[in-house]
$ cat work.tsv   # TSV, C-alpha atoms and all ligand atoms
chain	number	residue	atom	x	y	z
A	17	MET	CA	43.84	-52.86	52.53
A	18	SER	CA	42.43	-49.51	53.73
A	19	ASP	CA	42.13	-46.49	51.43
A	20	GLU	CA	44.90	-44.78	53.38
A	21	GLN	CA	47.23	-47.75	52.82
A	22	LYS	CA	46.39	-47.73	49.13
A	23	ILE	CA	47.27	-44.04	48.82
A	24	GLU	CA	50.48	-44.61	50.75
A	25	GLY	CA	51.28	-47.42	48.32
A	26	THR	CA	50.79	-45.19	45.28
A	27	VAL	CA	53.01	-42.55	46.90
A	28	ALA	CA	55.74	-45.14	47.45
A	29	THR	CA	55.45	-46.36	43.85
A	30	PHE	CA	55.62	-42.82	42.53
A	31	LEU	CA	58.69	-41.96	44.62
A	32	ASP	CA	60.39	-45.17	43.48
A	33	GLY	CA	60.19	-43.94	39.90
A	34	VAL	CA	61.38	-40.34	40.36
A	35	PRO	CA	64.55	-39.75	38.35
A	36	GLY	CA	67.59	-38.56	40.29
A	37	PRO	CA	69.02	-35.14	39.46
A	38	GLU	CA	72.33	-36.68	38.35
A	39	GLY	CA	70.81	-39.61	36.40
A	40	GLY	CA	69.50	-42.93	37.68
A	41	LEU	CA	66.73	-42.99	40.23
A	42	LEU	CA	66.32	-40.61	43.15
A	43	ARG	CA	65.75	-43.56	45.45
A	44	ASP	CA	69.22	-44.97	44.58
A	45	SER	CA	71.00	-41.62	44.79
A	46	GLY	CA	70.94	-41.35	48.55
A	47	ARG	CA	69.12	-38.05	48.25
A	48	LEU	CA	65.68	-39.31	49.29
A	49	LEU	CA	66.19	-38.80	53.01
A	50	SER	CA	62.71	-39.66	54.21
A	51	TRP	CA	59.05	-39.36	53.42
A	52	LYS	CA	55.81	-39.80	55.23
A	53	TYR	CA	52.16	-39.88	54.36
A	54	ALA	CA	49.14	-39.17	56.57
A	55	CYS	CA	45.60	-38.00	55.90
A	56	GLY	CA	46.20	-36.79	52.35
A	57	ARG	CA	49.44	-34.99	53.20
A	58	VAL	CA	52.83	-36.17	51.94
A	59	GLN	CA	56.07	-34.76	53.26
A	60	VAL	CA	59.29	-35.58	51.45
A	61	ASP	CA	62.79	-34.60	52.60
A	62	VAL	CA	65.38	-34.50	49.85
A	63	LEU	CA	69.09	-33.82	50.20
A	64	SER	CA	69.92	-30.94	47.88
A	65	ARG	CA	73.63	-30.60	48.65
A	66	ASP	CA	75.75	-29.75	45.55
A	67	LEU	CA	72.76	-29.31	43.27
A	68	GLU	CA	72.44	-26.30	40.99
A	69	ILE	CA	69.31	-24.16	41.35
A	70	PRO	CA	67.71	-25.45	38.09
A	71	GLN	CA	68.28	-29.03	39.27
A	72	LYS	CA	66.63	-28.23	42.60
A	73	ARG	CA	63.69	-26.59	40.91
A	74	GLN	CA	63.24	-29.49	38.57
A	75	LEU	CA	63.45	-32.06	41.33
A	76	ASP	CA	61.12	-30.11	43.57
A	77	GLY	CA	58.67	-29.66	40.69
A	78	THR	CA	58.72	-33.31	39.64
A	79	ILE	CA	58.02	-34.52	43.16
A	80	TYR	CA	55.49	-31.86	44.05
A	81	ASP	CA	53.45	-32.02	40.84
A	82	GLY	CA	53.65	-35.80	40.59
A	83	LEU	CA	52.48	-36.38	44.15
A	84	LEU	CA	49.71	-33.84	43.94
A	85	ALA	CA	48.37	-35.56	40.83
A	86	LEU	CA	47.89	-38.83	42.73
A	87	ASP	CA	44.38	-39.72	43.82
A	88	GLY	CA	43.90	-39.02	47.51
A	89	VAL	CA	46.86	-36.66	47.89
A	90	THR	CA	45.69	-33.17	48.81
A	91	ASP	CA	48.78	-31.56	50.24
A	92	VAL	CA	52.48	-31.91	49.46
A	93	ILE	CA	55.52	-30.58	51.25
A	94	VAL	CA	58.91	-31.02	49.61
A	95	ASN	CA	61.79	-30.01	51.86
A	96	LEU	CA	65.06	-29.51	50.02
A	97	VAL	CA	67.52	-30.00	52.81
A	98	ASN	CA	71.12	-28.91	52.75
A	99	PRO	CA	72.82	-29.23	56.11
A	100	ASP	CA	75.78	-27.16	54.82
A	101	THR	CA	73.81	-23.95	54.32
A	102	ALA	CA	70.97	-22.15	55.98
A	103	THR	CA	69.73	-20.69	52.72
A	104	ASP	CA	68.20	-23.67	51.03
A	105	VAL	CA	64.53	-23.98	50.24
A	106	GLN	CA	63.48	-25.39	53.53
A	107	GLN	CA	60.21	-24.82	55.29
A	108	GLN	CA	60.36	-23.21	58.70
A	109	SER	CA	56.70	-23.92	59.13
A	110	PRO	CA	54.43	-26.21	57.15
A	111	PRO	CA	53.17	-24.70	53.90
A	112	PRO	CA	49.43	-24.38	53.41
A	113	PRO	CA	47.46	-27.44	52.40
A	114	LYS	CA	46.08	-27.50	48.87
A	115	THR	CA	42.64	-27.75	50.38
A	116	ALA	CA	40.88	-24.89	52.11
A	117	PRO	CA	41.32	-24.86	55.87
A	118	PRO	CA	38.40	-25.50	58.18
A	119	ALA	CA	35.69	-22.87	58.26
A	120	ASP	CA	36.68	-21.81	61.74
A	121	GLY	CA	39.50	-19.87	60.06
A	122	LYS	CA	41.97	-21.12	62.63
A	123	GLY	CA	43.67	-23.44	60.20
A	124	GLY	CA	43.09	-26.68	62.12
A	125	GLY	CA	46.43	-28.06	63.19
A	126	LEU	CA	48.40	-25.45	61.25
A	127	PRO	CA	50.40	-22.71	62.96
A	128	PRO	CA	48.18	-19.86	64.16
A	129	LYS	CA	47.76	-16.74	62.05
A	130	ARG	CA	50.01	-13.92	63.11
A	131	PRO	CA	49.69	-10.17	62.76
A	132	ILE	CA	52.28	-8.59	60.45
A	133	PRO	CA	54.70	-6.68	62.66
A	134	GLY	CA	54.42	-2.93	62.13
A	135	VAL	CA	51.05	-3.09	60.35
A	136	ASP	CA	47.68	-2.04	61.73
A	137	ARG	CA	45.32	-3.11	58.93
A	138	VAL	CA	45.88	-5.64	56.18
A	139	LEU	CA	43.77	-5.18	53.07
A	140	ALA	CA	43.89	-7.74	50.27
A	141	VAL	CA	42.89	-6.86	46.71
A	142	ALA	CA	41.70	-9.98	44.96
A	143	SER	CA	39.79	-11.27	41.97
A	144	GLY	CA	38.76	-14.59	40.55
A	145	LYS	CA	39.69	-13.80	36.97
A	146	GLY	CA	42.98	-12.35	35.75
A	147	GLY	CA	43.45	-8.96	34.13
A	148	VAL	CA	40.40	-7.31	35.65
A	149	GLY	CA	42.36	-4.46	37.23
A	150	LYS	CA	43.44	-5.62	40.70
A	151	SER	CA	46.89	-4.11	40.52
A	152	THR	CA	45.53	-0.88	39.07
A	153	VAL	CA	43.01	-0.64	41.90
A	154	ALA	CA	45.58	-1.66	44.54
A	155	VAL	CA	48.05	1.02	43.44
A	156	ASN	CA	45.50	3.81	43.28
A	157	LEU	CA	43.80	2.75	46.49
A	158	ALA	CA	47.16	2.80	48.28
A	159	VAL	CA	47.97	6.26	46.90
A	160	ALA	CA	44.50	7.57	47.80
A	161	LEU	CA	44.78	6.32	51.38
A	162	GLN	CA	48.25	7.82	51.63
A	163	LYS	CA	46.90	11.17	50.45
A	164	GLN	CA	44.31	11.01	53.18
A	165	GLY	CA	47.20	11.06	55.65
A	166	TYR	CA	47.58	7.37	56.39
A	167	ARG	CA	50.87	5.56	56.37
A	168	VAL	CA	50.45	2.97	53.65
A	169	GLY	CA	52.45	0.01	52.38
A	170	LEU	CA	51.87	-1.89	49.17
A	171	LEU	CA	52.86	-5.53	48.94
A	172	ASP	CA	52.92	-7.08	45.48
A	173	ALA	CA	52.09	-10.70	46.24
A	174	ASP	CA	51.94	-11.69	42.57
A	175	CYS	CA	55.11	-13.74	42.28
A	176	TYR	CA	54.19	-14.95	38.80
A	177	GLY	CA	53.57	-11.53	37.29
A	178	PRO	CA	54.64	-8.72	39.59
A	179	SER	CA	53.37	-5.49	38.07
A	180	ILE	CA	53.59	-3.05	40.98
A	181	PRO	CA	57.18	-1.88	40.30
A	182	LEU	CA	56.17	-0.91	36.76
A	183	MET	CA	52.92	0.72	37.79
A	184	LEU	CA	54.73	2.82	40.38
A	185	GLY	CA	57.66	3.65	38.13
A	186	ILE	CA	60.19	1.94	40.37
A	187	GLY	CA	63.35	1.47	38.34
A	188	GLU	CA	65.93	-1.29	38.24
A	189	ASP	CA	68.21	0.69	40.54
A	190	ASP	CA	65.69	1.00	43.36
A	191	LYS	CA	66.51	-2.15	45.27
A	192	PRO	CA	65.43	-2.83	48.85
A	193	ARG	CA	68.20	-2.51	51.44
A	194	ILE	CA	68.88	-4.90	54.27
A	195	THR	CA	68.52	-3.27	57.69
A	196	ASP	CA	70.97	-3.69	60.56
A	197	ASP	CA	68.68	-6.26	62.15
A	198	ARG	CA	68.73	-8.23	58.86
A	199	ARG	CA	65.27	-7.35	57.70
A	200	VAL	CA	64.38	-6.07	54.25
A	201	GLN	CA	63.70	-2.36	53.93
A	202	PRO	CA	60.80	-1.61	51.59
A	203	VAL	CA	61.36	0.70	48.64
A	204	ARG	CA	59.85	4.19	49.12
A	205	LYS	CA	57.86	5.55	46.19
A	206	TRP	CA	54.95	7.97	46.03
A	207	ASP	CA	55.20	8.06	49.83
A	208	LEU	CA	54.33	4.38	49.95
A	209	ASP	CA	56.43	1.56	51.38
A	210	VAL	CA	56.59	-0.97	48.59
A	211	MET	CA	57.71	-4.59	48.41
A	212	SER	CA	57.61	-6.87	45.39
A	213	ILE	CA	59.23	-10.04	44.21
A	214	GLY	CA	59.93	-7.97	41.11
A	215	PHE	CA	62.75	-6.28	43.06
A	216	PHE	CA	64.61	-9.56	43.38
A	217	VAL	CA	64.04	-11.61	40.25
A	218	ASP	CA	63.78	-10.88	36.59
A	219	ARG	CA	60.49	-11.48	34.87
A	220	ASP	CA	61.57	-14.71	33.17
A	221	SER	CA	62.52	-16.47	36.35
A	222	ALA	CA	59.40	-15.31	38.19
A	223	VAL	CA	57.12	-17.23	35.85
A	224	ILE	CA	58.67	-20.58	36.66
A	225	TRP	CA	58.17	-20.23	40.39
A	226	ARG	CA	56.14	-22.94	41.98
A	227	GLY	CA	53.96	-23.28	45.02
A	228	LEU	CA	56.61	-24.03	47.58
A	229	MET	CA	58.84	-21.13	46.58
A	230	VAL	CA	55.92	-18.75	46.49
A	231	THR	CA	54.93	-19.79	49.99
A	232	LYS	CA	58.42	-19.22	51.29
A	233	ALA	CA	58.80	-15.84	49.60
A	234	LEU	CA	55.46	-14.64	50.91
A	235	GLN	CA	56.27	-15.67	54.44
A	236	GLN	CA	59.42	-13.58	54.21
A	237	PHE	CA	57.47	-10.63	52.82
A	238	PHE	CA	55.02	-10.83	55.69
A	239	PHE	CA	57.45	-11.30	58.54
A	240	ASP	CA	60.94	-10.28	57.45
A	241	VAL	CA	60.19	-6.90	55.88
A	242	ALA	CA	60.72	-3.81	58.03
A	243	TRP	CA	57.16	-2.51	57.68
A	244	ASP	CA	57.22	0.65	59.72
A	245	ARG	CA	54.12	1.72	61.65
A	246	LEU	CA	51.77	1.30	58.71
A	247	ASP	CA	48.10	2.10	59.04
A	248	TYR	CA	47.27	0.02	55.97
A	249	LEU	CA	49.16	-2.64	54.11
A	250	VAL	CA	47.51	-3.19	50.73
A	251	ILE	CA	48.26	-6.61	49.28
A	252	ASP	CA	47.94	-7.02	45.52
A	253	LEU	CA	47.14	-10.68	44.88
A	254	PRO	CA	47.42	-12.74	41.72
A	255	PRO	CA	44.08	-13.90	40.29
A	256	GLY	CA	42.26	-16.93	41.62
A	257	THR	CA	42.31	-18.92	44.82
A	258	GLY	CA	45.67	-20.66	44.65
A	259	ASP	CA	48.85	-20.99	46.69
A	260	THR	CA	49.28	-17.27	47.28
A	261	GLN	CA	45.81	-16.77	48.68
A	262	LEU	CA	46.05	-19.85	50.86
A	263	THR	CA	49.48	-18.92	52.16
A	264	MET	CA	48.18	-15.48	52.98
A	265	VAL	CA	45.00	-16.48	54.78
A	266	GLN	CA	46.76	-19.19	56.75
A	267	ASN	CA	49.77	-17.17	57.84
A	268	ILE	CA	48.49	-13.71	58.57
A	269	GLU	CA	45.46	-11.91	59.86
A	270	VAL	CA	43.79	-10.26	56.87
A	271	HIS	CA	41.35	-7.61	58.06
A	272	GLY	CA	39.49	-7.22	54.81
A	273	ALA	CA	39.40	-8.29	51.18
A	274	ILE	CA	38.31	-6.22	48.22
A	275	ILE	CA	37.15	-8.13	45.18
A	276	VAL	CA	37.62	-6.58	41.75
A	277	SER	CA	35.56	-7.77	38.80
A	278	THR	CA	34.55	-6.59	35.38
A	279	PRO	CA	30.79	-6.67	34.72
A	280	GLN	CA	31.01	-9.78	32.53
A	281	ASP	CA	29.37	-12.98	33.71
A	282	VAL	CA	32.58	-14.93	33.24
A	283	ALA	CA	34.46	-12.59	35.59
A	284	LEU	CA	31.62	-12.44	38.08
A	285	ALA	CA	31.40	-16.23	38.29
A	286	ASP	CA	35.06	-16.27	39.31
A	287	ALA	CA	34.56	-13.36	41.70
A	288	ARG	CA	31.96	-15.45	43.51
A	289	LYS	CA	34.56	-18.18	44.00
A	290	ALA	CA	37.03	-15.68	45.44
A	291	ILE	CA	34.37	-14.37	47.82
A	292	ALA	CA	33.51	-17.93	48.86
A	293	MET	CA	37.15	-18.65	49.63
A	294	PHE	CA	37.53	-15.58	51.83
A	295	ARG	CA	34.30	-16.36	53.61
A	296	GLU	CA	35.40	-19.94	54.26
A	297	THR	CA	38.62	-18.67	55.75
A	298	ASN	CA	36.95	-15.99	57.87
A	299	VAL	CA	38.38	-13.00	56.02
A	300	PRO	CA	35.82	-10.17	56.04
A	301	ILE	CA	34.82	-8.97	52.57
A	302	ILE	CA	35.05	-5.17	52.46
A	303	GLY	CA	33.18	-5.13	49.17
A	304	LEU	CA	33.09	-5.63	45.44
A	305	ILE	CA	34.34	-3.16	42.81
A	306	GLU	CA	33.16	-3.12	39.22
A	307	ASN	CA	36.13	-2.13	37.05
A	308	MET	CA	35.91	-1.31	33.35
A	309	SER	CA	32.29	-0.58	34.11
A	310	TYR	CA	31.66	1.53	31.02
A	311	PHE	CA	33.49	3.69	28.54
A	312	ALA	CA	32.67	7.35	28.11
A	313	CYS	CA	33.89	8.62	24.73
A	314	PRO	CA	36.26	11.53	25.41
A	315	HIS	CA	35.10	13.22	22.17
A	316	CYS	CA	31.32	12.98	22.17
A	317	GLY	CA	30.68	11.79	25.75
A	318	GLU	CA	28.66	8.81	24.52
A	319	ARG	CA	28.67	5.99	27.04
A	320	THR	CA	29.35	2.43	25.86
A	321	GLU	CA	29.05	-0.56	28.16
A	322	ILE	CA	31.76	-2.69	26.61
A	323	PHE	CA	31.71	-5.53	29.14
A	324	ALA	CA	28.01	-5.00	30.07
A	325	HIS	CA	27.25	-3.02	33.21
A	326	GLY	CA	25.96	-3.39	36.73
A	327	GLY	CA	26.74	-7.09	37.15
A	328	ALA	CA	29.08	-6.56	40.09
A	329	HIS	CA	26.51	-4.51	41.94
A	330	ARG	CA	23.88	-7.21	41.40
A	331	THR	CA	26.32	-9.92	42.46
A	332	ALA	CA	27.23	-7.95	45.58
A	333	ASP	CA	23.54	-7.64	46.45
A	334	GLU	CA	22.93	-11.32	45.83
A	335	LEU	CA	25.85	-12.30	48.04
A	336	ASN	CA	24.99	-9.76	50.69
A	337	THR	CA	28.33	-8.03	50.21
A	338	PRO	CA	28.85	-4.26	50.04
A	339	PHE	CA	29.28	-2.72	46.61
A	340	LEU	CA	32.12	-0.20	46.73
A	341	GLY	CA	31.71	1.49	43.39
A	342	GLU	CA	32.33	1.35	39.66
A	343	VAL	CA	35.44	2.47	37.80
A	344	PRO	CA	35.07	3.37	34.13
A	345	LEU	CA	37.38	2.21	31.38
A	346	ALA	CA	39.64	5.18	30.91
A	347	LEU	CA	42.62	5.75	28.69
A	348	SER	CA	44.17	7.92	31.42
A	349	LEU	CA	44.13	5.00	33.86
A	350	ARG	CA	45.88	2.68	31.44
A	351	GLU	CA	48.37	5.35	30.43
A	352	THR	CA	49.25	6.40	33.97
A	353	SER	CA	49.67	2.74	35.00
A	354	ASP	CA	52.01	2.09	32.10
A	355	ALA	CA	53.93	5.29	32.80
A	356	GLY	CA	54.43	4.43	36.47
A	357	THR	CA	52.63	7.57	37.63
A	358	PRO	CA	49.48	6.50	39.51
A	359	LEU	CA	46.42	8.41	38.41
A	360	LEU	CA	45.48	9.31	41.96
A	361	ALA	CA	48.88	10.88	42.56
A	362	GLY	CA	47.66	13.67	40.27
A	363	ASP	CA	44.89	16.15	40.93
A	364	ASP	CA	42.54	15.83	37.99
A	365	THR	CA	38.82	15.78	38.52
A	366	SER	CA	37.95	13.13	35.96
A	367	ALA	CA	35.21	10.57	36.55
A	368	VAL	CA	37.77	7.80	36.97
A	369	HIS	CA	39.71	9.83	39.56
A	370	GLU	CA	36.55	10.50	41.50
A	371	ALA	CA	35.46	6.89	41.29
A	372	LEU	CA	38.74	5.61	42.69
A	373	SER	CA	38.87	8.22	45.47
A	374	GLY	CA	35.29	7.39	46.39
A	375	ILE	CA	36.26	3.74	46.67
A	376	ALA	CA	39.22	4.65	48.91
A	377	ASP	CA	36.88	6.66	51.14
A	378	ALA	CA	34.50	3.71	51.36
A	379	VAL	CA	37.35	1.35	52.24
A	380	ALA	CA	38.70	3.63	54.98
A	381	GLU	CA	35.20	3.96	56.37
A	382	ARG	CA	34.50	0.23	56.38
A	383	LEU	CA	37.91	-0.68	57.72
A	384	PRO	CA	39.02	2.16	59.96
A	385	VAL	CA	42.48	2.08	61.47
A	386	ARG	CA	42.51	1.15	65.11
A	387	LYS	CA	44.43	4.21	66.17
A	388	GLU	CA	44.33	7.86	65.12
A	389	ALA	CA	45.91	8.25	61.66
A	390	PRO	CA	49.12	10.21	62.15
A	391	ALA	CA	49.76	13.14	59.85
A	392	ARG	CA	52.79	12.56	57.67
A	393	THR	CA	55.83	14.60	58.46
A	394	PRO	CA	58.62	15.40	56.01
A	395	SER	CA	60.96	13.15	57.98
A	396	ASP	CA	58.64	10.21	57.27
A	397	ALA	CA	58.83	10.72	53.52
B	1	LIG	N1	39.47	1.03	34.37
B	1	LIG	C1	40.47	0.84	33.50
B	1	LIG	N2	40.58	1.58	32.39
B	1	LIG	C2	41.57	1.38	31.49
B	1	LIG	N3	42.52	0.46	31.64
B	1	LIG	C3	42.48	-0.30	32.74
B	1	LIG	C4	41.47	-0.16	33.73
B	1	LIG	N4	41.71	-1.06	34.71
B	1	LIG	C5	42.81	-1.73	34.36
B	1	LIG	N5	43.27	-1.28	33.17
B	1	LIG	C6	44.42	-1.78	32.41
B	1	LIG	O1	44.16	-3.16	32.18
B	1	LIG	C7	45.37	-3.91	32.29
B	1	LIG	C8	45.20	-4.97	33.35
B	1	LIG	O2	45.06	-4.33	34.61
B	1	LIG	P1	45.77	-4.89	35.91
B	1	LIG	O3	47.18	-5.29	35.62
B	1	LIG	O4	45.53	-3.91	36.99
B	1	LIG	O5	44.89	-6.19	36.14
B	1	LIG	P2	45.14	-7.36	37.19
B	1	LIG	O6	43.80	-7.86	37.61
B	1	LIG	O7	46.06	-6.92	38.25
B	1	LIG	O8	45.85	-8.43	36.27
B	1	LIG	P3	46.56	-9.80	36.76
B	1	LIG	O9	45.44	-10.75	37.03
B	1	LIG	O10	47.40	-10.17	35.60
B	1	LIG	O11	47.35	-9.47	37.99
B	1	LIG	C9	46.46	-2.90	32.59
B	1	LIG	O12	47.07	-2.55	31.38
B	1	LIG	C10	45.73	-1.71	33.17
B	1	LIG	O13	46.40	-0.49	32.93
B	2	MG	MG	47.90	-7.78	38.90
$ encode --input "work.tsv" --output "structure tokens" --more "lines below"
Ligand SMILES: Nc1ncnc2c1ncn2[C@@H]1O[C@H](COP(=O)(O)OP(=O)(O)OP(=O)(O)O)[C@@H](O)[C@H]1O
Ligand SMILES: [Mg+2]
Amino acid sequence: MSDEQKIEGTVATFLDGVPGPEGGLLRDSGRLLSWKYACGRVQVDVLSRDLEIPQKRQLDGTIYDGLLALDGVTDVIVNLVNPDTATDVQQQSPPPPKTAPPADGKGGGLPPKRPIPGVDRVLAVASGKGGVGKSTVAVNLAVALQKQGYRVGLLDADCYGPSIPLMLGIGEDDKPRITDDRRVQPVRKWDLDVMSIGFFVDRDSAVIWRGLMVTKALQQFFFDVAWDRLDYLVIDLPPGTGDTQLTMVQNIEVHGAIIVSTPQDVALADARKAIAMFRETNVPIIGLIENMSYFACPHCGERTEIFAHGGAHRTADELNTPFLGEVPLALSLRETSDAGTPLLAGDDTSAVHEALSGIADAVAERLPVRKEAPARTPSDA
């Protein structure tokens, strides 16, 4: 028996044992419509008619997680099919494989990457480790570029912990509208066009999202949002190199990635992995930012390097990647983020303000828009 046949056998055995959503076994419920296995990829079609959303999520999760845990399985697609509705969780195009695509960046046999309609430049803000300040940088970078006269959108791609609505002070009542051509209109705040999963789900349900749903939501954010003549779309990613990053790099053209790290070795080690992933998928690295680089005491001015200092610059040099600048730890940055009033929307001349504007300048210089940046007019606001 070949290895492939063995894997197929373990898939069959696993599927035989999956419990049905209404008791008994899935295989006896008539809901297991079909499945196929080839080259590490399993695709399972399940009839989801008359199931409640929690039942669908559980079923989807059981199959997806169980299959992915099997030796030899690298990629799982679970299609929940309901012929009665068009709104079920059903893939229009294959989701990304769990493995990185080939280094040619063309995604092998996957659908080709597409530009996002209405967007000139796509800029991803990423990190290996969580909590290093991606969203803070993404928000302030977007505001800084907007203040330079560019039309800027901000896409919160963190389905598990969307923080952009809070950081921009977008309230519960600011919901996206549906346009006449059935696309989603971004929310306007701070002269930015903003989209976030946080506009659609409450925090508790966002944390139980799984790969397949994230993929689907992101595809809609890329292609079904009415992005309007943007010069830059800044994408705030969750940490790591998981489903979100893979969905992004395989579906859309990303023109540049910015990697945020603190100076600690543990964060830098993860930043290297993020850089490696973007390189493997042919996304240009715009540069590395060292956040929380040092703390300057507001009383005596003494400088303390809480998480060490300079590691991101060294790492950037080692990896032959531009270093975009360092952002100090600053109470004002934390406070303005929490208050929903981005620091760069104000006019102070603090070190942190200057650091972030300098980074925005460097980004615009390294990734210029392809056409002349239009000046904003009041009718655009
Ligand atoms: N330079 C800084 N000075 C002070 N506080 C900061 C700084 N950078 C980020 N913070 C604060 O640290 C916290 C984490 O930042 P943020 O949410 O931007 O990180 P993240 O990388 O997006 O996190 P996650 O991985 O969860 O998405 C926030 O409370 C933010 O206000
Ligand atoms: Mg974040």
$ closest_residue --input "work.tsv" --among "A:Ile194, A:Thr297, A:Leu208, A:Cys313" --to "Asn156 in chain A" --atoms "all atoms listed in the file"
A:Leu208
$ closest_atom_pairs --input "work.tsv" --of "chain A" --to "ligand MG 2 (chain B)" --cutoff "12 Å" --atoms "all atoms listed in the file" --output "tab-separated table"
residue	atom	partner	partner_atom	distance
A:Val141	CA	B:MG2	MG	9.3
A:Ala142	CA	B:MG2	MG	8.9
A:Ser143	CA	B:MG2	MG	9.3
A:Gly144	CA	B:MG2	MG	11.5
A:Lys145	CA	B:MG2	MG	10.4
A:Gly146	CA	B:MG2	MG	7.4
A:Gly147	CA	B:MG2	MG	6.6
A:Val148	CA	B:MG2	MG	8.2
A:Gly149	CA	B:MG2	MG	6.7
A:Lys150	CA	B:MG2	MG	5.3
A:Ser151	CA	B:MG2	MG	4.1
A:Thr152	CA	B:MG2	MG	7.3
A:Val153	CA	B:MG2	MG	9.2
A:Ala154	CA	B:MG2	MG	8.6
A:Val155	CA	B:MG2	MG	9.9
A:Leu171	CA	B:MG2	MG	11.4
A:Asp172	CA	B:MG2	MG	8.3
A:Ala173	CA	B:MG2	MG	8.9
A:Asp174	CA	B:MG2	MG	6.7
A:Cys175	CA	B:MG2	MG	9.9
A:Tyr176	CA	B:MG2	MG	9.5
A:Gly177	CA	B:MG2	MG	7.0
A:Pro178	CA	B:MG2	MG	6.8
A:Ser179	CA	B:MG2	MG	6.0
A:Ile180	CA	B:MG2	MG	7.7
A:Pro181	CA	B:MG2	MG	11.1
A:Leu182	CA	B:MG2	MG	11.0
A:Met183	CA	B:MG2	MG	9.9
A:Ser212	CA	B:MG2	MG	11.7
A:Ile251	CA	B:MG2	MG	10.5
A:Asp252	CA	B:MG2	MG	6.7
A:Leu253	CA	B:MG2	MG	6.7
A:Pro254	CA	B:MG2	MG	5.7
A:Pro255	CA	B:MG2	MG	7.3
A:Gly256	CA	B:MG2	MG	11.1
A:Val276	CA	B:MG2	MG	10.7
A:Ser353	CA	B:MG2	MG	11.4
$ residues_around --input "work.tsv" --residues "range 364-376 of chain A" --least-positions-apart "3" --cutoff "10 Å" --atoms "all atoms listed in the file" --output "tab-separated table (two decimals) with C-alpha atoms, in the frame of the given file"
chain	number	residue	atom	x	y	z
A	153	VAL	CA	43.01	-0.64	41.90
A	154	ALA	CA	45.58	-1.66	44.54
A	156	ASN	CA	45.50	3.81	43.28
A	157	LEU	CA	43.80	2.75	46.49
A	158	ALA	CA	47.16	2.80	48.28
A	159	VAL	CA	47.97	6.26	46.90
A	160	ALA	CA	44.50	7.57	47.80
A	161	LEU	CA	44.78	6.32	51.38
A	162	GLN	CA	48.25	7.82	51.63
A	163	LYS	CA	46.90	11.17	50.45
A	164	GLN	CA	44.31	11.01	53.18
A	303	GLY	CA	33.18	-5.13	49.17
A	304	LEU	CA	33.09	-5.63	45.44
A	305	ILE	CA	34.34	-3.16	42.81
A	307	ASN	CA	36.13	-2.13	37.05
A	308	MET	CA	35.91	-1.31	33.35
A	312	ALA	CA	32.67	7.35	28.11
A	339	PHE	CA	29.28	-2.72	46.61
A	340	LEU	CA	32.12	-0.20	46.73
A	341	GLY	CA	31.71	1.49	43.39
A	342	GLU	CA	32.33	1.35	39.66
A	343	VAL	CA	35.44	2.47	37.80
A	344	PRO	CA	35.07	3.37	34.13
A	345	LEU	CA	37.38	2.21	31.38
A	346	ALA	CA	39.64	5.18	30.91
A	347	LEU	CA	42.62	5.75	28.69
A	348	SER	CA	44.17	7.92	31.42
A	349	LEU	CA	44.13	5.00	33.86
A	359	LEU	CA	46.42	8.41	38.41
A	360	LEU	CA	45.48	9.31	41.96
A	361	ALA	CA	48.88	10.88	42.56
A	379	VAL	CA	37.35	1.35	52.24
A	380	ALA	CA	38.70	3.63	54.98
A	381	GLU	CA	35.20	3.96	56.37
A	382	ARG	CA	34.50	0.23	56.38
$ closest_residue --input "work.tsv" --among "A:Thr29, A:Thr195, A:Asn95, A:Thr357" --to "ligand LIG 1 (chain B)" --atoms "only C-alpha atoms and all ligand atoms"
A:Thr357
$ atom_distance --input "work.tsv" --atom1 "CA of Phe216 in chain A" --atom2 "atom C5 of ligand LIG 1 (chain B)"
24.9 Å
$ closest_residue --input "work.tsv" --among "A:Ser18, A:Asn267, A:Gln59, A:Asn98" --to "Lys232 in chain A" --atoms "all atoms listed in the file"
A:Asn267
$ atom_distance --input "work.tsv" --atom1 "CA of Leu48 in chain A" --atom2 "CA of Gly77 in chain A"
14.7 Å
$ closest_residue --input "work.tsv" --among "A:Pro358, A:Gly258, A:His271, A:Pro279" --to "Lys205 in chain A" --atoms "only C-alpha atoms"
A:Pro358
$ closest_residue --input "work.tsv" --among "A:Thr320, A:Thr278, A:Asn298, A:Gln21" --to "ligand LIG 1 (chain B)" --atoms "all atoms listed in the file"
A:Thr278
$ closest_residue --input "work.tsv" --among "A:Val299, A:Ala283, A:Met293, A:Leu96" --to "Ala324 in chain A" --atoms "all atoms listed in the file"
A:Ala283
$ atom_distance --input "work.tsv" --atom1 "atom C5 of ligand LIG 1 (chain B)" --atom2 "CA of Arg350 in chain A"
6.1 Å
$ axis_aligned_box --input "work.tsv" --around "ligand LIG 1 (chain B)" --padding-each-side "4 Å" --output "JSON"
{"center_x": 43.4, "center_y": -4.6, "center_z": 34.8, "size_x": 15.9, "size_y": 20.3, "size_z": 14.9}
$ residues_around --input "work.tsv" --residues "Ala242 in chain A" --least-positions-apart "3" --cutoff "9 Å" --atoms "all atoms listed in the file" --output "JSON, numbers by chain"
{"A": [133, 134, 195, 199, 200, 201, 202, 239]}
$ residues_around --input "work.tsv" --residues "Val92 in chain A" --least-positions-apart "4" --cutoff "7 Å" --atoms "all atoms listed in the file" --output "MDAnalysis selection string"
chainID A and resid 57:59 80 83:84
$ residues_around --input "work.tsv" --residues "range 68-72 of chain A" --least-positions-apart "2" --cutoff "10 Å" --atoms "only C-alpha atoms" --output "PyMOL selection string"
chain A and resi 36-38+62-66+74-78+96+104-105
$ residues_around --input "work.tsv" --residues "Gly25 in chain A" --least-positions-apart "4" --cutoff "12 Å" --atoms "all atoms listed in the file" --output "number ranges by chain"
A: 17-21, 29-32, 52-54, 58, 83, 86-89
